[in-house]
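Listing of work.txt, compact mmCIF, C-alpha atoms and all ligand atoms
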```txt
# COMPACT_ATOMS: atom_id res chain seq x y z
CA MET U 9 -22.74 -4.47 8.72
CA LYS U 10 -21.19 -6.04 5.64
CA ASP U 11 -19.22 -9.21 6.32
CA HIS U 12 -16.71 -8.46 3.57
CA THR U 13 -14.55 -5.63 2.23
CA VAL U 14 -13.86 -5.05 -1.45
CA SER U 15 -10.42 -3.47 -1.67
CA LEU U 16 -8.31 -1.81 -4.29
CA ILE U 17 -4.51 -1.64 -4.26
CA VAL U 18 -2.41 0.73 -6.37
CA ALA U 19 0.82 2.71 -6.45
CA ILE U 20 0.37 6.32 -7.64
CA ALA U 21 2.93 8.95 -8.59
CA SER U 22 2.47 12.52 -7.27
CA ASN U 23 0.97 13.47 -10.65
CA HIS U 24 -1.41 10.46 -10.55
CA VAL U 25 0.49 8.48 -13.19
CA ILE U 26 0.33 4.69 -12.67
CA GLY U 27 1.77 3.25 -15.88
CA LYS U 28 3.42 3.81 -19.23
CA ASP U 29 3.47 1.67 -22.42
CA ASN U 30 1.50 -1.03 -20.58
CA ASP U 31 4.18 -1.38 -17.92
CA LEU U 32 5.04 -0.14 -14.45
CA ILE U 33 7.46 2.80 -14.38
CA TRP U 34 9.34 2.69 -11.09
CA PHE U 35 11.09 -0.18 -9.35
CA LEU U 36 10.39 -0.11 -5.61
CA PRO U 37 11.04 -3.62 -4.26
CA LYS U 38 9.59 -2.85 -0.81
CA ASP U 39 6.33 -1.84 -2.47
CA LEU U 40 6.28 -5.01 -4.57
CA LYS U 41 6.66 -7.01 -1.36
CA TYR U 42 3.88 -4.94 0.28
CA PHE U 43 1.61 -5.73 -2.70
CA LYS U 44 2.47 -9.43 -2.48
CA ASP U 45 1.97 -9.65 1.30
CA THR U 46 -1.27 -7.64 1.27
CA THR U 47 -2.93 -9.65 -1.51
CA ALA U 48 -1.57 -13.11 -0.52
CA GLY U 49 -4.28 -15.76 -0.34
CA HIS U 50 -6.93 -13.48 -1.85
CA HIS U 51 -8.66 -13.13 -5.21
CA VAL U 52 -7.06 -10.45 -7.40
CA ILE U 53 -9.25 -8.86 -10.09
CA MET U 54 -7.50 -7.19 -13.02
CA GLY U 55 -8.03 -5.90 -16.53
CA ARG U 56 -6.84 -7.92 -19.50
CA LYS U 57 -4.09 -5.39 -20.28
CA ASN U 58 -2.77 -5.46 -16.72
CA TYR U 59 -2.73 -9.28 -16.76
CA PHE U 60 -0.73 -9.48 -19.99
CA SER U 61 1.65 -6.74 -18.78
CA ILE U 62 2.89 -9.15 -16.09
CA PRO U 63 5.98 -11.00 -17.43
CA GLU U 64 4.94 -14.48 -18.59
CA LYS U 65 7.08 -16.26 -15.99
CA PHE U 66 5.35 -14.37 -13.16
CA ARG U 67 1.75 -14.93 -14.24
CA PRO U 68 -0.72 -15.97 -13.02
CA LEU U 69 0.38 -14.23 -9.82
CA PRO U 70 1.17 -17.10 -7.43
CA GLY U 71 -0.62 -17.69 -4.14
CA ARG U 72 -3.70 -15.79 -5.26
CA THR U 73 -6.70 -16.56 -7.48
CA ASN U 74 -6.23 -14.46 -10.60
CA ILE U 75 -9.45 -13.08 -12.13
CA VAL U 76 -9.15 -11.35 -15.52
CA VAL U 77 -11.82 -8.95 -16.78
CA THR U 78 -12.25 -8.87 -20.57
CA ARG U 79 -14.96 -8.55 -23.19
CA GLN U 80 -13.13 -11.08 -25.36
CA LYS U 81 -13.77 -14.81 -25.26
CA ASP U 82 -10.93 -17.35 -24.97
CA ILE U 83 -8.16 -14.73 -24.73
CA VAL U 84 -6.72 -16.14 -21.51
CA GLN U 85 -5.93 -19.85 -21.57
CA ASP U 86 -3.67 -20.04 -18.51
CA GLU U 87 -4.52 -22.76 -16.01
CA GLY U 88 -6.30 -21.61 -12.87
CA VAL U 89 -7.17 -18.16 -14.20
CA VAL U 90 -10.82 -17.15 -13.91
CA VAL U 91 -12.10 -15.08 -16.84
CA VAL U 92 -15.08 -12.76 -16.31
CA SER U 93 -16.83 -10.13 -18.42
CA SER U 94 -17.27 -7.46 -15.73
CA VAL U 95 -15.68 -6.25 -12.50
CA GLU U 96 -18.94 -7.00 -10.67
CA GLU U 97 -18.82 -10.60 -11.90
CA GLY U 98 -15.25 -10.90 -10.63
CA ILE U 99 -16.18 -9.56 -7.20
CA LYS U 100 -19.18 -11.89 -7.03
CA TYR U 101 -17.02 -14.87 -7.93
CA ALA U 102 -14.52 -14.04 -5.17
CA LEU U 103 -17.20 -13.49 -2.52
CA ASN U 104 -18.99 -16.72 -3.50
CA ALA U 105 -15.67 -18.52 -3.05
CA GLY U 106 -15.59 -17.23 0.54
CA ASP U 107 -12.97 -14.47 0.14
CA LYS U 108 -13.77 -11.75 2.70
CA GLU U 109 -11.41 -9.25 1.03
CA PRO U 110 -11.04 -9.50 -2.74
CA PHE U 111 -8.64 -7.00 -4.34
CA VAL U 112 -9.09 -4.95 -7.50
CA ILE U 113 -5.51 -4.55 -8.79
CA GLY U 114 -5.91 -2.38 -11.90
CA GLY U 115 -5.06 -1.12 -14.36
CA GLY U 116 -6.40 2.32 -15.16
CA GLN U 117 -9.68 1.32 -16.83
CA ILE U 118 -10.53 -1.12 -14.07
CA TYR U 119 -9.72 1.35 -11.26
CA ASN U 120 -11.79 4.04 -13.00
CA TYR U 121 -14.76 1.76 -13.49
CA SER U 122 -14.64 0.37 -9.94
CA LEU U 123 -14.50 3.80 -8.29
CA ALA U 124 -17.08 5.39 -10.60
CA ASN U 125 -19.49 2.57 -9.77
CA GLU U 126 -18.73 2.65 -6.03
CA LEU U 127 -17.63 -0.98 -5.93
CA ILE U 128 -14.72 -0.28 -3.55
CA ASP U 129 -14.83 -0.13 0.26
CA ARG U 130 -11.12 0.27 1.00
CA MET U 131 -8.09 1.59 -0.92
CA TYR U 132 -4.46 0.63 -0.24
CA ILE U 133 -2.57 3.44 -1.96
CA THR U 134 1.19 3.65 -2.16
CA HIS U 135 1.88 7.34 -2.74
CA VAL U 136 5.13 7.57 -4.69
CA HIS U 137 6.52 11.03 -3.91
CA LYS U 138 7.67 11.97 -7.39
CA ASP U 139 6.17 12.95 -10.76
CA TYR U 140 6.59 10.48 -13.63
CA GLU U 141 5.80 10.63 -17.30
CA GLY U 142 3.14 8.13 -18.28
CA ASP U 143 -0.04 7.37 -20.19
CA THR U 144 -2.24 5.73 -17.54
CA PHE U 145 -3.64 7.60 -14.55
CA PHE U 146 -5.45 6.92 -11.30
CA PRO U 147 -8.66 8.95 -11.04
CA HIS U 148 -8.83 11.88 -8.63
CA PHE U 149 -11.07 10.80 -5.79
CA ASP U 150 -13.14 12.94 -3.44
CA GLU U 151 -11.05 13.11 -0.26
CA ASN U 152 -14.18 13.96 1.77
CA LYS U 153 -15.59 10.54 0.96
CA TRP U 154 -12.53 8.61 2.13
CA LEU U 155 -11.01 8.43 5.62
CA GLU U 156 -7.30 7.73 5.91
CA ILE U 157 -7.04 4.97 8.53
CA SER U 158 -3.27 4.45 8.39
CA SER U 159 -0.13 5.85 6.80
CA GLU U 160 3.50 4.78 6.89
CA HIS U 161 6.39 6.73 5.36
CA VAL U 162 9.35 4.97 3.70
CA ASP U 163 12.61 6.85 3.06
CA PRO U 164 14.61 6.42 -0.14
CA ASP U 165 17.74 4.23 -0.04
CA HIS U 166 20.15 2.62 -2.52
CA ARG U 167 17.34 0.38 -3.89
CA HIS U 168 14.53 2.95 -3.72
CA GLU U 169 15.01 6.10 -5.81
CA THR U 170 12.30 8.08 -4.04
CA SER U 171 10.39 8.19 -0.78
CA PHE U 172 6.88 6.84 -0.71
CA SER U 173 4.14 6.08 1.78
CA TYR U 174 1.63 3.31 2.28
CA ALA U 175 -1.80 4.76 3.05
CA VAL U 176 -5.10 2.98 3.63
CA TYR U 177 -8.46 4.71 3.11
CA ASP U 178 -11.96 3.55 4.02
CA ARG U 179 -15.04 4.78 2.22
CA GLN U 180 -17.12 7.02 4.48
N1 LIG U 201 0.84 1.54 -10.49
C1 LIG U 201 0.04 0.53 -10.25
O1 LIG U 201 -0.25 0.18 -9.09
C2 LIG U 201 -0.56 -0.25 -11.39
C3 LIG U 201 -1.37 -1.35 -11.12
C4 LIG U 201 -1.92 -2.04 -12.19
C5 LIG U 201 -1.65 -1.65 -13.50
N2 LIG U 201 -0.86 -0.58 -13.72
C6 LIG U 201 -0.58 -0.12 -15.09
O2 LIG U 201 -1.82 0.16 -15.75
C7 LIG U 201 -1.65 0.00 -17.16
C8 LIG U 201 -2.77 -0.87 -17.70
O3 LIG U 201 -4.03 -0.21 -17.51
P1 LIG U 201 -5.09 0.02 -18.69
O4 LIG U 201 -6.06 1.04 -18.26
O5 LIG U 201 -4.34 0.26 -19.96
O6 LIG U 201 -5.77 -1.41 -18.88
P2 LIG U 201 -6.52 -2.40 -17.83
O7 LIG U 201 -7.49 -1.63 -17.00
O8 LIG U 201 -5.52 -3.26 -17.14
O9 LIG U 201 -7.27 -3.38 -18.86
C9 LIG U 201 -8.14 -2.85 -19.81
C10 LIG U 201 -8.92 -4.02 -20.42
O10 LIG U 201 -9.80 -4.58 -19.45
C11 LIG U 201 -11.03 -4.95 -20.07
N3 LIG U 201 -12.07 -4.09 -19.52
C12 LIG U 201 -11.96 -2.81 -19.08
N4 LIG U 201 -13.14 -2.35 -18.64
C13 LIG U 201 -14.02 -3.38 -18.80
C14 LIG U 201 -15.39 -3.53 -18.51
N5 LIG U 201 -16.12 -2.52 -17.95
N6 LIG U 201 -16.00 -4.70 -18.80
C15 LIG U 201 -15.30 -5.72 -19.32
N7 LIG U 201 -13.97 -5.64 -19.62
C16 LIG U 201 -13.35 -4.48 -19.35
C17 LIG U 201 -10.84 -4.73 -21.55
O11 LIG U 201 -10.26 -5.94 -22.03
P3 LIG U 201 -10.51 -6.45 -23.55
O12 LIG U 201 -9.92 -5.40 -24.43
O13 LIG U 201 -9.79 -7.77 -23.60
O14 LIG U 201 -12.00 -6.58 -23.69
C18 LIG U 201 -9.82 -3.60 -21.58
O15 LIG U 201 -9.09 -3.52 -22.80
C19 LIG U 201 -0.25 -0.58 -17.34
O16 LIG U 201 0.67 0.46 -17.65
C20 LIG U 201 0.07 -1.16 -15.98
O17 LIG U 201 1.46 -1.26 -15.74
C21 LIG U 201 -0.32 0.14 -12.69
```

Structure rendered as structure tokens:
Amino acid sequence: MKDHTVSLIVAIASNHVIGKDNDLIWFLPKDLKYFKDTTAGHHVIMGRKNYFSIPEKFRPLPGRTNIVVTRQKDIVQDEGVVVVSSVEEGIKYALNAGDKEPFVIGGGQIYNYSLANELIDRMYITHVHKDYEGDTFFPHFDENKWLEISSEHVDPDHRHETSFSYAVYDRQ
């Protein structure tokens, strides 16, 4: 039995879109809070584009160790941010620091790489029940290889333009 879980967290539109013009597309405050609560206290591993897409006043993401994956040297100078040259190196750093559940938080290239290389044990997927136009996609994953262990539906309201659901999948 492994003593740790490497997780991924993402919000995906019905047509698998996750971003457009290096930004998020929808505004779903309950999902932002879910992301914050789920990743609080953990290491969060992200691609350089995702990191710089976070508004300057909100980065590094507070209450979490931010790890940025890039092939460039010296691109991130922000205090407290850990810069690594591969997703594997980021995961290793987090586990060595004693984190039992580091999170891969995107974007598209980093999700693709992590799934293709079977680095992920658990996925927290917010399924946004609507199609959106975008330029960045979450890869289609083999549903036979993943077991849904929980799911919670959220109805739309005056602050949430569409319904969505929080699902968690474990690798089989
Ligand atoms: N819906 C969601 O939950 C969600 C979550 C996160 C992000 N997003 C969206 O995703 C989009 C950004 O995704 P993206 O695919 O454009 O970029 P990304 O994955 O965030 O970052 C890509 C960068 O990461 C580095 N990188 C990628 N693979 C690497 C590897 N194997 N080894 C070393 N470095 C590597 C490279 O940085 P260098 O070029 O510096 O070498 C590359 O340019 C945005 O629209 C964002 O809003 C959505």

Discussion item. Please identify all protein, DNA and RNA residues within 8 Å of ligand LIG 201 (chain U), counting only C-alpha atoms and all ligand atoms, and report them as a PyMOL selection string.
Written reply: chain U and resi 17-21+25-33+54-59+61+76-80+83+92-95+113-119+121+134+143-145

Discussion item. Applying 12 Å and all atoms listed in the file, which residues near U:Gly49 remain after dropping the ones on its own chain fewer than 4 positions away? List them as a count of residues only.
Written reply: 16

Mind listing whatever residues come within 8 Å of the point (-18.1, -9.5, 4.3)? Use only C-alpha atoms, file coordinates, and give them as a PDB file with C-alpha atoms, in the coordinates of the input.
```pdb
ATOM      1  CA  LYS U  10     -21.190  -6.040   5.640  1.00  0.00           C
ATOM      2  CA  ASP U  11     -19.220  -9.210   6.320  1.00  0.00           C
ATOM      3  CA  HIS U  12     -16.710  -8.460   3.570  1.00  0.00           C
ATOM      4  CA  THR U  13     -14.550  -5.630   2.230  1.00  0.00           C
ATOM      5  CA  LEU U 103     -17.200 -13.490  -2.520  1.00  0.00           C
ATOM      6  CA  LYS U 108     -13.770 -11.750   2.700  1.00  0.00           C
ATOM      7  CA  GLU U 109     -11.410  -9.250   1.030  1.00  0.00           C
TER       8      GLU U 109
END
```

Discussion item. Using only C-alpha atoms, can you tell me which of U:Thr170, U:Gln180, U:Ser15, U:Gln85 comes closest to U:Val136?
Written reply: U:Thr170

Fill in: Pairwise distance for atom CA of U:Val91 and atom CA of U:Leu16, rounded to one decimal in Å
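Result for atom CA of U:Val91 versus atom CA of U:Leu16: 18.7 Å, one decimal.
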
Discussion item. Just to confirm, what's the straight-line distance from atom CA of U:Lys81 to atom CA of U:Glu97 in Å (one decimal)?
Written reply: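 Answer for the atom CA of U:Lys81 to atom CA of U:Glu97 separation: 14.9 Å.
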
Discussion item. What's the separation between atom CA of U:His24 and atom CA of U:Pro68, in Å to one decimal place?
Written reply: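 So the answer is 26.6 Å.
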
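For the choices U:Gly88, U:Pro63, U:Gly142, U:Pro37, the atom-to-atom distance to U:His51 is smallest for U:Gly88 when using all atoms listed in the file.
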
Return stretch 54-76 of chain U, completed with N, CA and C atoms, as a CSV table (one decimal), in the coordinates of the input.
```csv
chain,number,residue,atom,x,y,z
U,54,MET,N,-8.3,-8.1,-12.2
U,54,MET,CA,-7.5,-7.2,-13.0
U,54,MET,C,-8.0,-7.2,-14.4
U,55,GLY,N,-7.7,-6.0,-15.1
U,55,GLY,CA,-8.0,-5.9,-16.5
U,55,GLY,C,-7.1,-6.8,-17.4
U,56,ARG,N,-7.6,-7.1,-18.6
U,56,ARG,CA,-6.8,-7.9,-19.5
U,56,ARG,C,-5.5,-7.3,-19.8
U,57,LYS,N,-5.4,-6.0,-19.9
U,57,LYS,CA,-4.1,-5.4,-20.3
U,57,LYS,C,-3.1,-5.5,-19.1
U,58,ASN,N,-3.6,-5.3,-17.9
U,58,ASN,CA,-2.8,-5.5,-16.7
U,58,ASN,C,-2.2,-6.9,-16.6
U,59,TYR,N,-3.1,-7.9,-16.9
U,59,TYR,CA,-2.7,-9.3,-16.8
U,59,TYR,C,-1.6,-9.6,-17.7
U,60,PHE,N,-1.8,-9.2,-19.0
U,60,PHE,CA,-0.7,-9.5,-20.0
U,60,PHE,C,0.5,-8.6,-19.9
U,61,SER,N,0.4,-7.5,-19.0
U,61,SER,CA,1.6,-6.7,-18.8
U,61,SER,C,2.6,-7.4,-17.8
U,62,ILE,N,2.1,-8.4,-17.1
U,62,ILE,CA,2.9,-9.2,-16.1
U,62,ILE,C,3.8,-10.1,-16.9
U,63,PRO,N,5.1,-10.1,-16.7
U,63,PRO,CA,6.0,-11.0,-17.4
U,63,PRO,C,5.5,-12.4,-17.3
U,64,GLU,N,5.5,-13.2,-18.5
U,64,GLU,CA,4.9,-14.5,-18.6
U,64,GLU,C,5.4,-15.4,-17.4
U,65,LYS,N,6.6,-15.3,-17.0
U,65,LYS,CA,7.1,-16.3,-16.0
U,65,LYS,C,6.5,-15.9,-14.6
U,66,PHE,N,5.9,-14.8,-14.5
U,66,PHE,CA,5.4,-14.4,-13.2
U,66,PHE,C,3.8,-14.5,-13.1
U,67,ARG,N,3.2,-14.9,-14.2
U,67,ARG,CA,1.8,-14.9,-14.2
U,67,ARG,C,1.3,-16.3,-14.5
U,68,PRO,N,0.1,-16.7,-14.0
U,68,PRO,CA,-0.7,-16.0,-13.0
U,68,PRO,C,0.1,-15.7,-11.7
U,69,LEU,N,-0.3,-14.6,-11.1
U,69,LEU,CA,0.4,-14.2,-9.8
U,69,LEU,C,0.2,-15.4,-8.8
U,70,PRO,N,1.3,-15.9,-8.3
U,70,PRO,CA,1.2,-17.1,-7.4
U,70,PRO,C,0.5,-16.8,-6.1
U,71,GLY,N,-0.1,-17.8,-5.5
U,71,GLY,CA,-0.6,-17.7,-4.1
U,71,GLY,C,-1.9,-16.9,-4.0
U,72,ARG,N,-2.5,-16.6,-5.2
U,72,ARG,CA,-3.7,-15.8,-5.3
U,72,ARG,C,-4.5,-16.3,-6.4
U,73,THR,N,-5.9,-16.2,-6.3
U,73,THR,CA,-6.7,-16.6,-7.5
U,73,THR,C,-6.8,-15.4,-8.4
U,74,ASN,N,-6.3,-15.5,-9.6
U,74,ASN,CA,-6.2,-14.5,-10.6
U,74,ASN,C,-7.5,-14.4,-11.4
U,75,ILE,N,-8.2,-13.3,-11.4
U,75,ILE,CA,-9.4,-13.1,-12.1
U,75,ILE,C,-9.2,-12.0,-13.2
U,76,VAL,N,-9.4,-12.3,-14.4
U,76,VAL,CA,-9.2,-11.4,-15.5
U,76,VAL,C,-10.5,-10.9,-16.1
```
